[in-house]
file final-v2.tsv (TSV, C-alpha atoms and all ligand atoms)
chain	number	residue	atom	x	y	z
A	1	MET	CA	-26.50	-219.05	-74.99
A	2	ILE	CA	-26.06	-215.79	-73.09
A	3	ASP	CA	-27.69	-216.32	-69.71
A	4	PHE	CA	-30.21	-213.86	-68.41
A	5	ASN	CA	-28.61	-213.95	-64.96
A	6	ILE	CA	-25.51	-215.43	-63.32
A	7	PRO	CA	-25.41	-215.08	-59.50
A	8	PRO	CA	-22.74	-212.65	-58.29
A	9	PHE	CA	-19.43	-214.13	-57.17
A	10	THR	CA	-16.66	-211.67	-56.36
A	11	GLY	CA	-13.90	-214.02	-55.20
A	12	ASN	CA	-13.69	-214.32	-51.40
A	13	GLU	CA	-17.04	-216.07	-50.83
A	14	LEU	CA	-15.67	-219.59	-50.36
A	15	GLN	CA	-12.91	-218.43	-48.03
A	16	TYR	CA	-15.37	-216.54	-45.83
A	17	MET	CA	-17.83	-219.43	-45.77
A	18	ALA	CA	-14.99	-221.71	-44.65
A	19	ASP	CA	-14.12	-219.10	-41.98
A	20	ALA	CA	-17.70	-219.21	-40.74
A	21	VAL	CA	-17.45	-222.99	-40.39
A	22	HIS	CA	-14.09	-222.75	-38.60
A	23	ASN	CA	-15.46	-220.04	-36.30
A	24	ARG	CA	-17.85	-222.73	-35.01
A	25	LYS	CA	-20.60	-220.17	-35.43
A	26	ILE	CA	-22.79	-221.27	-38.28
A	27	CYS	CA	-26.14	-220.27	-36.76
A	28	GLY	CA	-27.55	-216.77	-37.09
A	29	ASP	CA	-26.11	-213.47	-35.84
A	30	GLY	CA	-22.47	-214.60	-36.03
A	31	PRO	CA	-19.52	-212.35	-36.93
A	32	PHE	CA	-20.34	-212.13	-40.67
A	33	THR	CA	-23.96	-211.22	-40.01
A	34	LYS	CA	-22.79	-208.46	-37.65
A	35	LYS	CA	-20.41	-207.09	-40.31
A	36	CYS	CA	-23.24	-206.99	-42.85
A	37	HIS	CA	-25.50	-205.17	-40.37
A	38	ALA	CA	-22.83	-202.58	-39.63
A	39	PHE	CA	-22.08	-202.12	-43.33
A	40	PHE	CA	-25.68	-201.33	-44.24
A	41	GLU	CA	-26.28	-199.16	-41.17
A	42	LYS	CA	-23.35	-197.01	-42.23
A	43	GLN	CA	-24.14	-197.10	-45.93
A	44	THR	CA	-27.85	-196.30	-45.65
A	45	GLY	CA	-28.07	-194.31	-42.44
A	46	ALA	CA	-30.74	-196.73	-41.14
A	47	ALA	CA	-30.89	-196.91	-37.34
A	48	ALA	CA	-30.87	-200.70	-37.50
A	49	VAL	CA	-30.51	-203.34	-40.21
A	50	TYR	CA	-31.21	-207.05	-39.73
A	51	LEU	CA	-30.38	-209.81	-42.18
A	52	THR	CA	-33.32	-212.13	-42.82
A	53	THR	CA	-33.78	-215.45	-44.56
A	54	SER	CA	-35.27	-213.75	-47.64
A	55	GLY	CA	-36.76	-210.53	-48.96
A	56	THR	CA	-40.12	-212.21	-48.48
A	57	SER	CA	-39.42	-212.72	-44.77
A	58	ALA	CA	-38.29	-209.09	-44.39
A	59	LEU	CA	-41.68	-208.09	-45.85
A	60	GLU	CA	-43.43	-210.51	-43.47
A	61	MET	CA	-41.62	-208.94	-40.54
A	62	ALA	CA	-42.66	-205.47	-41.73
A	63	ALA	CA	-46.29	-206.59	-41.93
A	64	ILE	CA	-46.16	-208.09	-38.43
A	65	LEU	CA	-44.45	-205.02	-36.96
A	66	SER	CA	-47.03	-202.79	-38.67
A	67	ASP	CA	-49.66	-204.69	-36.70
A	68	ILE	CA	-51.75	-205.35	-39.81
A	69	LYS	CA	-54.99	-207.05	-38.79
A	70	PRO	CA	-57.69	-209.04	-40.62
A	71	GLY	CA	-59.86	-206.71	-42.67
A	72	ASP	CA	-57.24	-203.96	-42.90
A	73	GLU	CA	-56.58	-202.70	-46.41
A	74	VAL	CA	-53.12	-202.31	-47.89
A	75	LEU	CA	-52.40	-200.32	-51.05
A	76	LEU	CA	-49.77	-201.75	-53.39
A	77	PRO	CA	-48.99	-201.95	-57.09
A	78	SER	CA	-50.29	-204.93	-59.06
A	79	PHE	CA	-47.11	-204.83	-61.17
A	80	THR	CA	-44.80	-206.51	-58.65
A	81	PHE	CA	-43.57	-209.87	-57.40
A	82	CYS	CA	-46.13	-211.73	-55.30
A	83	SER	CA	-44.03	-211.50	-52.09
A	84	THR	CA	-45.08	-207.85	-51.73
A	85	ALA	CA	-48.65	-209.12	-51.39
A	86	ASP	CA	-48.08	-212.42	-49.53
A	87	ALA	CA	-46.77	-210.69	-46.41
A	88	PHE	CA	-50.04	-208.81	-45.94
A	89	VAL	CA	-52.31	-211.67	-46.97
A	90	ALA	CA	-50.69	-213.68	-44.13
A	91	ARG	CA	-52.01	-211.04	-41.68
A	92	GLY	CA	-55.51	-211.25	-43.13
A	93	ALA	CA	-55.33	-207.94	-44.99
A	94	ARG	CA	-57.29	-207.10	-48.11
A	95	LEU	CA	-55.16	-205.99	-51.06
A	96	VAL	CA	-56.03	-202.83	-52.96
A	97	PHE	CA	-54.06	-202.62	-56.20
A	98	VAL	CA	-53.18	-199.17	-57.48
A	99	ASP	CA	-52.15	-198.46	-61.08
A	100	ILE	CA	-48.53	-197.70	-62.03
A	101	ARG	CA	-46.96	-194.74	-63.80
A	102	PRO	CA	-45.97	-195.50	-67.40
A	103	ASP	CA	-42.48	-193.98	-67.04
A	104	THR	CA	-40.92	-195.66	-63.96
A	105	LEU	CA	-43.54	-198.44	-63.68
A	106	ASN	CA	-43.81	-197.53	-59.98
A	107	ILE	CA	-47.08	-197.05	-58.10
A	108	ASP	CA	-48.86	-193.89	-59.31
A	109	GLU	CA	-48.73	-191.53	-56.35
A	110	THR	CA	-51.57	-189.42	-57.81
A	111	LYS	CA	-53.95	-192.39	-57.62
A	112	LEU	CA	-53.39	-193.24	-53.95
A	113	GLU	CA	-55.96	-190.95	-52.37
A	114	ASP	CA	-58.82	-192.35	-54.48
A	115	ALA	CA	-57.96	-195.84	-53.16
A	116	ILE	CA	-57.99	-194.90	-49.48
A	117	THR	CA	-60.95	-195.90	-47.29
A	118	GLU	CA	-61.44	-195.87	-43.51
A	119	ARG	CA	-59.96	-199.40	-43.43
A	120	THR	CA	-56.69	-198.49	-45.18
A	121	ARG	CA	-53.70	-199.05	-42.88
A	122	ALA	CA	-50.60	-199.13	-45.05
A	123	ILE	CA	-49.02	-198.43	-48.42
A	124	ALA	CA	-46.49	-200.96	-49.71
A	125	VAL	CA	-44.41	-199.29	-52.41
A	126	VAL	CA	-42.04	-201.12	-54.74
A	127	HIS	CA	-38.96	-199.38	-56.14
A	128	TYR	CA	-39.08	-201.16	-59.46
A	129	ALA	CA	-35.72	-201.82	-61.12
A	130	GLY	CA	-34.02	-199.97	-58.26
A	131	VAL	CA	-35.58	-196.63	-59.30
A	132	SER	CA	-37.35	-194.79	-56.50
A	133	CYS	CA	-41.08	-194.12	-56.30
A	134	ALA	CA	-42.15	-190.48	-55.85
A	135	MET	CA	-41.48	-190.69	-52.13
A	136	ASP	CA	-42.18	-187.05	-51.16
A	137	GLU	CA	-45.71	-187.26	-52.57
A	138	ILE	CA	-46.30	-190.75	-51.15
A	139	LEU	CA	-45.12	-189.77	-47.66
A	140	THR	CA	-47.33	-186.66	-47.75
A	141	VAL	CA	-50.41	-188.77	-48.51
A	142	ALA	CA	-49.39	-191.32	-45.86
A	143	ARG	CA	-48.97	-188.66	-43.16
A	144	LYS	CA	-52.26	-187.02	-44.02
A	145	HIS	CA	-54.14	-190.32	-43.67
A	146	HIS	CA	-51.99	-191.83	-40.87
A	147	LEU	CA	-50.81	-194.74	-43.00
A	148	ILE	CA	-47.71	-196.87	-42.51
A	149	VAL	CA	-45.29	-196.95	-45.46
A	150	ILE	CA	-43.42	-200.16	-46.23
A	151	GLU	CA	-40.74	-199.96	-48.92
A	152	ASP	CA	-40.20	-203.11	-50.94
A	153	ALA	CA	-36.64	-202.19	-51.82
A	154	ALA	CA	-35.80	-205.78	-52.85
A	155	GLN	CA	-34.36	-204.47	-56.13
A	156	ALA	CA	-33.04	-201.21	-54.74
A	157	VAL	CA	-29.93	-202.02	-52.66
A	158	GLY	CA	-27.58	-199.09	-53.25
A	159	SER	CA	-30.24	-196.80	-54.75
A	160	SER	CA	-31.33	-193.46	-53.36
A	161	TYR	CA	-33.91	-190.68	-53.63
A	162	LYS	CA	-32.79	-187.09	-53.12
A	163	GLY	CA	-29.64	-188.45	-51.51
A	164	LYS	CA	-31.40	-190.77	-49.06
A	165	ALA	CA	-31.03	-194.55	-49.29
A	166	LEU	CA	-34.13	-196.41	-50.43
A	167	GLY	CA	-35.47	-198.51	-47.60
A	168	THR	CA	-34.95	-195.69	-45.06
A	169	LEU	CA	-37.66	-193.26	-46.21
A	170	GLY	CA	-40.79	-195.03	-44.96
A	171	ASP	CA	-41.46	-196.92	-41.72
A	172	PHE	CA	-39.82	-200.18	-42.85
A	173	GLY	CA	-37.47	-201.08	-45.70
A	174	CYS	CA	-37.05	-204.56	-47.16
A	175	TYR	CA	-34.04	-205.78	-49.17
A	176	SER	CA	-33.53	-209.04	-51.04
A	177	PHE	CA	-30.27	-210.93	-51.54
A	178	HIS	CA	-31.75	-213.60	-53.77
A	179	GLU	CA	-29.37	-214.85	-56.45
A	180	THR	CA	-31.06	-212.63	-59.05
A	181	LYS	CA	-30.38	-209.43	-57.09
A	182	ASN	CA	-27.32	-207.16	-57.25
A	183	TYR	CA	-25.80	-208.63	-54.07
A	184	SER	CA	-26.60	-212.16	-53.03
A	185	MET	CA	-26.34	-214.74	-50.26
A	186	GLY	CA	-28.22	-217.42	-52.18
A	187	GLU	CA	-31.47	-216.77	-50.38
A	188	GLY	CA	-31.64	-213.85	-47.99
A	189	GLY	CA	-32.79	-210.34	-47.32
A	190	ALA	CA	-32.74	-207.56	-44.76
A	191	LEU	CA	-35.14	-205.44	-42.77
A	192	LEU	CA	-34.20	-201.78	-42.36
A	193	LEU	CA	-35.51	-199.63	-39.53
A	194	PRO	CA	-35.16	-195.87	-40.08
A	195	THR	CA	-35.44	-195.20	-36.30
A	196	LEU	CA	-34.92	-197.23	-33.14
A	197	ASP	CA	-38.64	-197.08	-32.18
A	198	LYS	CA	-39.29	-200.64	-33.33
A	199	ARG	CA	-35.90	-202.13	-32.54
A	200	ASP	CA	-36.93	-204.33	-29.61
A	201	GLU	CA	-40.09	-205.50	-31.37
A	202	ALA	CA	-38.13	-206.31	-34.53
A	203	GLU	CA	-35.54	-208.32	-32.62
A	204	ILE	CA	-38.24	-210.26	-30.79
A	205	CYS	CA	-40.14	-210.97	-34.01
A	206	ARG	CA	-36.95	-212.18	-35.73
A	207	GLU	CA	-35.94	-214.45	-32.81
A	208	LYS	CA	-39.05	-216.65	-32.51
A	209	GLY	CA	-40.75	-214.18	-30.19
A	210	THR	CA	-37.99	-214.22	-27.56
A	211	ASP	CA	-36.03	-211.35	-26.01
A	212	ARG	CA	-32.78	-213.15	-26.77
A	213	SER	CA	-31.14	-210.02	-28.25
A	214	ARG	CA	-31.79	-208.00	-25.09
A	215	PHE	CA	-30.37	-210.91	-23.10
A	216	PHE	CA	-27.15	-210.90	-25.14
A	217	ARG	CA	-26.84	-207.16	-24.58
A	218	GLY	CA	-27.17	-207.80	-20.84
A	219	GLN	CA	-30.44	-205.85	-20.61
A	220	VAL	CA	-32.37	-208.77	-19.10
A	221	ASP	CA	-30.94	-211.61	-17.00
A	222	LYS	CA	-32.79	-214.45	-18.72
A	223	TYR	CA	-34.49	-214.76	-22.02
A	224	THR	CA	-38.04	-215.82	-22.51
A	225	TRP	CA	-40.93	-215.95	-24.94
A	226	VAL	CA	-42.46	-212.47	-24.94
A	227	ASP	CA	-44.49	-212.15	-28.16
A	228	TYR	CA	-45.34	-213.82	-31.48
A	229	GLY	CA	-42.32	-214.35	-33.72
A	230	SER	CA	-40.70	-216.66	-36.20
A	231	SER	CA	-37.18	-217.64	-37.24
A	232	TYR	CA	-36.09	-214.95	-39.64
A	233	LEU	CA	-32.34	-214.96	-39.07
A	234	PRO	CA	-30.11	-216.58	-41.70
A	235	SER	CA	-27.06	-218.77	-41.09
A	236	ASP	CA	-23.72	-217.00	-40.79
A	237	ILE	CA	-22.55	-219.17	-43.73
A	238	ASN	CA	-24.94	-217.28	-45.98
A	239	ALA	CA	-23.91	-213.96	-44.43
A	240	ALA	CA	-20.26	-214.87	-45.18
A	241	TYR	CA	-21.14	-215.20	-48.88
A	242	LEU	CA	-22.83	-211.79	-48.80
A	243	TRP	CA	-19.97	-210.15	-46.91
A	244	ALA	CA	-17.53	-211.00	-49.71
A	245	GLN	CA	-19.70	-208.95	-52.05
A	246	LEU	CA	-20.25	-206.07	-49.68
A	247	GLU	CA	-16.47	-205.63	-49.58
A	248	MET	CA	-16.75	-205.12	-53.36
A	249	PHE	CA	-19.94	-203.05	-53.17
A	250	GLU	CA	-18.84	-200.17	-55.41
A	251	GLU	CA	-17.05	-202.45	-57.85
A	252	VAL	CA	-20.24	-204.50	-58.37
A	253	ARG	CA	-22.25	-201.33	-58.87
A	254	ALA	CA	-19.73	-199.86	-61.34
A	255	ASP	CA	-19.58	-203.08	-63.34
A	256	ARG	CA	-23.37	-203.33	-63.64
A	257	MET	CA	-23.62	-199.62	-64.42
A	258	ALA	CA	-21.15	-199.99	-67.30
A	259	SER	CA	-23.42	-202.64	-68.88
A	260	TRP	CA	-26.55	-200.61	-68.18
A	261	ASN	CA	-25.04	-197.48	-69.76
A	262	ALA	CA	-23.76	-199.41	-72.79
A	263	TYR	CA	-27.27	-200.76	-73.44
A	264	ASP	CA	-28.81	-197.36	-72.91
A	265	GLU	CA	-26.46	-195.58	-75.31
A	266	ALA	CA	-26.85	-198.27	-77.95
A	267	PHE	CA	-30.66	-198.19	-77.85
A	268	ARG	CA	-31.19	-194.39	-77.68
A	269	PRO	CA	-31.28	-194.03	-81.48
A	270	LEU	CA	-33.90	-196.82	-81.72
A	271	ALA	CA	-36.00	-195.05	-79.10
A	272	ARG	CA	-35.69	-191.77	-81.01
A	273	GLU	CA	-37.09	-193.52	-84.08
A	274	GLY	CA	-40.02	-194.73	-81.98
A	275	LEU	CA	-39.13	-198.42	-82.31
A	276	LEU	CA	-39.05	-199.04	-78.58
A	277	GLU	CA	-39.07	-197.31	-75.19
A	278	LEU	CA	-36.27	-197.26	-72.63
A	279	PRO	CA	-36.19	-197.00	-68.82
A	280	VAL	CA	-36.78	-193.52	-67.40
A	281	ILE	CA	-34.70	-192.36	-64.43
A	282	PRO	CA	-36.14	-189.21	-62.78
A	283	PRO	CA	-33.42	-186.68	-61.86
A	284	GLU	CA	-33.95	-187.09	-58.10
A	285	CYS	CA	-33.27	-190.85	-58.33
A	286	LEU	CA	-29.87	-192.51	-58.18
A	287	HIS	CA	-30.28	-196.08	-59.38
A	288	ASN	CA	-28.22	-199.23	-58.95
A	289	ALA	CA	-28.33	-200.72	-62.47
A	290	HIS	CA	-30.43	-203.59	-61.18
A	291	MET	CA	-32.23	-204.14	-64.45
A	292	TYR	CA	-32.21	-203.10	-68.08
A	293	TYR	CA	-35.54	-203.43	-69.81
A	294	LEU	CA	-37.06	-202.42	-73.14
A	295	LYS	CA	-40.69	-201.76	-73.94
A	296	LEU	CA	-41.91	-202.98	-77.30
A	297	ARG	CA	-45.12	-202.08	-79.10
A	298	ASP	CA	-47.34	-204.82	-77.68
A	299	LEU	CA	-47.56	-208.44	-76.54
A	300	LYS	CA	-47.33	-209.81	-80.08
A	301	GLU	CA	-44.16	-207.92	-80.90
A	302	ARG	CA	-42.64	-208.85	-77.54
A	303	SER	CA	-43.24	-212.59	-78.13
A	304	ALA	CA	-41.60	-212.36	-81.54
A	305	PHE	CA	-38.72	-210.38	-80.02
A	306	ILE	CA	-38.05	-212.90	-77.23
A	307	SER	CA	-38.13	-215.79	-79.75
A	308	PHE	CA	-35.80	-213.95	-82.09
A	309	LEU	CA	-33.30	-213.30	-79.29
A	310	LYS	CA	-33.45	-216.94	-78.22
A	311	GLU	CA	-32.75	-218.11	-81.78
A	312	HIS	CA	-29.68	-215.88	-81.69
A	313	GLY	CA	-28.43	-217.19	-78.36
A	314	VAL	CA	-29.78	-214.51	-76.01
A	315	MET	CA	-32.00	-215.29	-73.03
A	316	ALA	CA	-34.39	-212.42	-72.39
A	317	VAL	CA	-37.31	-212.67	-69.98
A	318	PHE	CA	-40.44	-210.78	-69.02
A	319	HIS	CA	-42.40	-210.28	-65.81
A	320	TYR	CA	-44.86	-209.80	-64.01
A	321	ILE	CA	-48.27	-211.22	-64.70
A	322	PRO	CA	-50.19	-208.44	-62.89
A	323	LEU	CA	-51.20	-209.66	-59.44
A	324	HIS	CA	-54.78	-208.46	-59.73
A	325	SER	CA	-55.41	-210.80	-62.66
A	326	SER	CA	-53.70	-213.84	-61.12
A	327	PRO	CA	-55.73	-216.48	-59.23
A	328	ALA	CA	-54.49	-215.39	-55.78
A	329	GLY	CA	-54.86	-211.71	-56.60
A	330	LEU	CA	-58.50	-212.25	-57.55
A	331	LYS	CA	-59.05	-214.01	-54.23
A	332	PHE	CA	-57.26	-211.57	-51.95
A	333	GLY	CA	-57.82	-208.17	-53.48
A	334	SER	CA	-59.14	-205.88	-56.14
A	335	PHE	CA	-57.96	-203.12	-58.44
A	336	SER	CA	-58.74	-199.54	-57.47
A	337	GLY	CA	-60.14	-197.56	-60.40
A	338	GLU	CA	-59.10	-198.24	-63.96
A	339	ASP	CA	-56.13	-200.39	-65.01
A	340	VAL	CA	-54.69	-197.94	-67.54
A	341	TYR	CA	-51.02	-198.95	-67.50
A	342	THR	CA	-50.48	-202.06	-65.35
A	343	THR	CA	-51.54	-204.70	-67.88
A	344	LYS	CA	-50.49	-202.72	-70.92
A	345	GLU	CA	-46.95	-202.03	-69.75
A	346	SER	CA	-46.47	-205.53	-68.32
A	347	GLU	CA	-47.24	-207.00	-71.75
A	348	ARG	CA	-44.65	-204.84	-73.49
A	349	LEU	CA	-41.72	-205.21	-71.14
A	350	VAL	CA	-38.69	-207.42	-71.72
A	351	ARG	CA	-35.55	-207.67	-69.58
A	352	LEU	CA	-32.10	-208.08	-71.13
A	353	PRO	CA	-29.20	-210.09	-69.66
A	354	LEU	CA	-27.52	-208.01	-66.96
A	355	TYR	CA	-25.29	-209.34	-64.22
A	356	TYR	CA	-21.97	-208.70	-62.51
A	357	ARG	CA	-19.20	-209.35	-65.05
A	358	LEU	CA	-21.38	-209.72	-68.09
A	359	PRO	CA	-18.61	-210.09	-70.72
A	360	GLU	CA	-18.33	-207.12	-73.04
A	361	GLU	CA	-18.52	-209.32	-76.16
A	362	ASP	CA	-21.76	-210.87	-74.86
A	363	ARG	CA	-23.18	-207.43	-74.24
A	364	GLU	CA	-22.26	-206.40	-77.80
A	365	HIS	CA	-23.91	-209.54	-79.12
A	366	VAL	CA	-27.12	-208.67	-77.24
A	367	ILE	CA	-27.03	-205.13	-78.64
A	368	ASN	CA	-26.45	-206.33	-82.21
A	369	THR	CA	-29.19	-208.93	-81.94
A	370	VAL	CA	-31.68	-206.31	-80.75
A	371	LYS	CA	-30.68	-204.03	-83.64
A	372	SER	CA	-31.01	-206.82	-86.19
A	373	PHE	CA	-34.52	-207.61	-84.93
A	374	PHE	CA	-35.44	-204.12	-86.09
A	375	ARG	CA	-33.49	-204.79	-89.35
A	376	LEU	CA	-31.03	-202.05	-88.52
A	377	ILE	CA	-28.00	-204.24	-89.26
B	401	LIG	C1	-36.96	-210.41	-55.34
B	401	LIG	C2	-38.13	-209.67	-54.88
B	401	LIG	C3	-38.82	-210.00	-53.69
B	401	LIG	C4	-38.57	-211.25	-52.92
B	401	LIG	O1	-37.32	-211.45	-52.44
B	401	LIG	P1	-36.85	-212.93	-52.01
B	401	LIG	O2	-35.53	-212.66	-51.38
B	401	LIG	O3	-36.76	-213.76	-53.24
B	401	LIG	O4	-37.83	-213.45	-51.04
B	401	LIG	C5	-39.85	-209.19	-53.27
B	401	LIG	N1	-40.23	-208.12	-53.98
B	401	LIG	C6	-39.62	-207.77	-55.13
B	401	LIG	C7	-40.09	-206.55	-55.87
B	401	LIG	C8	-38.57	-208.53	-55.62
B	401	LIG	O5	-37.98	-208.19	-56.77

call {"tool": "encode", "arguments": {"input": "final-v2.tsv", "output": "structure tokens"}}
result
Amino acid sequence: MIDFNIPPFTGNELQYMADAVHNRKICGDGPFTKKCHAFFEKQTGAAAVYLTTSGTSALEMAAILSDIKPGDEVLLPSFTFCSTADAFVARGARLVFVDIRPDTLNIDETKLEDAITERTRAIAVVHYAGVSCAMDEILTVARKHHLIVIEDAAQAVGSSYKGKALGTLGDFGCYSFHETKNYSMGEGGALLLPTLDKRDEAEICREKGTDRSRFFRGQVDKYTWVDYGSSYLPSDINAAYLWAQLEMFEEVRADRMASWNAYDEAFRPLAREGLLELPVIPPECLHNAHMYYLKLRDLKERSAFISFLKEHGVMAVFHYIPLHSSPAGLKFGSFSGEDVYTTKESERLVRLPLYYRLPEEDREHVINTVKSFFRLI
């Protein structure tokens, strides 16, 4: 069976994890964590980057730092993972789901203004499959209505929009290093701050509400509890695992891109015949080959397709059940306007195996199996 995902392992992970243990610094903010922070600050141009225990906790931090209060409304797509929503529900916010565009499956920037009320405080955008939302248009709407923009860039590590790293365009950026993402530390994530305005608040929030970071910088002579916070910093053992991959950052990207491009070339003729639809990458977006998906005709054809692949030794999966039609979504929010694409596209989408070092013969087997489903070989 060809797995859908195998967590990335580039070679030096075990050595670095052992180093972390020998350093006698296995708690948070040790040497490996600091290296990861510096790497992403340089790579993205963010003013500050903080590793967190997950992408979900990076989103939680963003919601806390945005000062979201009970009754505030947050705009977000319904076609996303539930963590995008959970962070705001925890602050008592009401979710307002906005439809997606059929091409990138990202939030439809032209439908934002209709969803805005006097209670709207923030827009949480998701860069689906590592392909950027229409950020210029979204930021224009946000500025006009004084809204905070949170980028769920969980899938978008290494992606950019008009040359700028995703996660640095809005007020807060959130990465994930879950084992299904391009770079992993088992469970983990990062919060990106585009400016230093929120640095102290972010450090306090991440360190259980204490000013411990200022203390370590010698800015205060004792540390104390100064605000609400939680424990969002991961162990340096996890950071050591991630650091091994960051040293191979471009190699991981190139390897995934080779698989992505091979799929794309192989399926273009099928798309031209109208048998399926392929991902669309707008020219201003540089993507990170996070995901390769196909869109079939409808739910029925997709179910048959997934079964067929499984019978031929290929694990393919779909996602997401739209949040607005899930039990929690019904409780915590509502859809703005008409659901033209969210449900329809989510029922057609299927993801193919794609991971670092997907063997070429496995990739060819996936391609041939897809073609034989359409009786092309
Ligand atoms: C993976 C993912 C998350 C959650 O990240 P975790 O690290 O698993 O908490 C959030 N949003 C999106 C869009 C994701 O793909």

call {"tool": "residues_around", "arguments": {"input": "final-v2.tsv", "residues": "region 36-47 of chain A", "least_positions_apart": "5", "cutoff": "7 Å", "atoms": "only C-alpha atoms", "output": "ChimeraX atom specification"}}
result
/A:165,168,192-196,243

call {"tool": "residues_near_ligand", "arguments": {"input": "final-v2.tsv", "ligand": "ligand LIG 401 (chain B)", "cutoff": "7 Å", "atoms": "only C-alpha atoms and all ligand atoms", "output": "ChimeraX atom specification"}}
result
/A:54-57,80-81,83-84,126,128,152-155,176-178,181,187-189

call {"tool": "residues_near_point", "arguments": {"input": "final-v2.tsv", "point": "(-46.8, -209.5, -54.6)", "cutoff": "10 Å", "atoms": "all atoms listed in the file", "output": "number ranges by chain"}}
result
A: 56, 76-89, 95, 124, 126, 152, 320, 322-324, 328-329

call {"tool": "closest_residue", "arguments": {"input": "final-v2.tsv", "among": "A:Met61, A:Leu139, A:Val149, A:Pro359", "to": "Ser230 (chain A)", "atoms": "all atoms listed in the file"}}
result
A:Met61

call {"tool": "residues_around", "arguments": {"input": "final-v2.tsv", "residues": "region 372-377 of chain A", "least_positions_apart": "3", "cutoff": "8 Å", "atoms": "all atoms listed in the file", "output": "ChimeraX atom specification"}}
result
/A:275,305,308,368-369

call {"tool": "atom_distance", "arguments": {"input": "final-v2.tsv", "atom1": "CA of Gly71 (chain A)", "atom2": "CA of Val141 (chain A)"}}
result
21.1 Å

call {"tool": "atom_distance", "arguments": {"input": "final-v2.tsv", "atom1": "CA of Pro282 (chain A)", "atom2": "CA of Ser159 (chain A)"}}
result
12.5 Å

call {"tool": "residues_around", "arguments": {"input": "final-v2.tsv", "residues": "Tyr293 (chain A)", "least_positions_apart": "6", "cutoff": "8 Å", "atoms": "all atoms listed in the file", "output": "list of chain:residue names"}}
result
A:Leu278, A:Pro279, A:Leu349, A:Val350, A:Arg351, A:Leu352

call {"tool": "write_last_selection", "arguments": {"input": "final-v2.tsv", "atoms": "C-alpha atoms", "output": "PDB file, in the frame of the given file"}}
result
ATOM      1  CA  LEU A 278     -36.270-197.260 -72.630  1.00  0.00           C
ATOM      2  CA  PRO A 279     -36.190-197.000 -68.820  1.00  0.00           C
ATOM      3  CA  LEU A 349     -41.720-205.210 -71.140  1.00  0.00           C
ATOM      4  CA  VAL A 350     -38.690-207.420 -71.720  1.00  0.00           C
ATOM      5  CA  ARG A 351     -35.550-207.670 -69.580  1.00  0.00           C
ATOM      6  CA  LEU A 352     -32.100-208.080 -71.130  1.00  0.00           C
TER       7      LEU A 352
END

call {"tool": "residues_near_point", "arguments": {"input": "final-v2.tsv", "point": "(-18.5, -213.3, -56.0)", "cutoff": "9 Å", "atoms": "only C-alpha atoms", "output": "count of residues only"}}
result
16

call {"tool": "atom_distance", "arguments": {"input": "final-v2.tsv", "atom1": "CA of Ile148 (chain A)", "atom2": "CA of Asn288 (chain A)"}}
result
25.6 Å

call {"tool": "closest_residue", "arguments": {"input": "final-v2.tsv", "among": "A:Pro234, A:Pro283, A:Gly209, A:Gly274", "to": "Ser160 (chain A)", "atoms": "only C-alpha atoms"}}
result
A:Pro283

call {"tool": "residues_around", "arguments": {"input": "final-v2.tsv", "residues": "Glu203 (chain A)", "least_positions_apart": "6", "cutoff": "9 Å", "atoms": "all atoms listed in the file", "output": "PyMOL selection string"}}
result
chain A and resi 50+209-214

call {"tool": "closest_residue", "arguments": {"input": "final-v2.tsv", "among": "A:Gly173, A:Pro102, A:Gly313, A:Gly92", "to": "Glu277 (chain A)", "atoms": "all atoms listed in the file"}}
result
A:Pro102

call {"tool": "residues_around", "arguments": {"input": "final-v2.tsv", "residues": "Ala254 (chain A)", "least_positions_apart": "3", "cutoff": "12 Å", "atoms": "all atoms listed in the file", "output": "PyMOL selection string"}}
result
chain A and resi 158+182+248-251+257-261+287-290+355-357

call {"tool": "closest_atom_pairs", "arguments": {"input": "final-v2.tsv", "of": "region 35-101 of chain A", "to": "region 111-115 of chain A", "cutoff": "8 Å", "atoms": "all atoms listed in the file", "output": "tab-separated table"}}
result
residue	atom	partner	partner_atom	distance
A:Leu75	CA	A:Ala115	CA	7.4
A:Val96	CA	A:Ala115	CA	7.3
A:Val98	CA	A:Lys111	CA	6.8
A:Asp99	CA	A:Lys111	CA	7.2

call {"tool": "closest_residue", "arguments": {"input": "final-v2.tsv", "among": "A:Val317, A:Leu309, A:Leu105, A:Cys205", "to": "Asp227 (chain A)", "atoms": "only C-alpha atoms"}}
result
A:Cys205
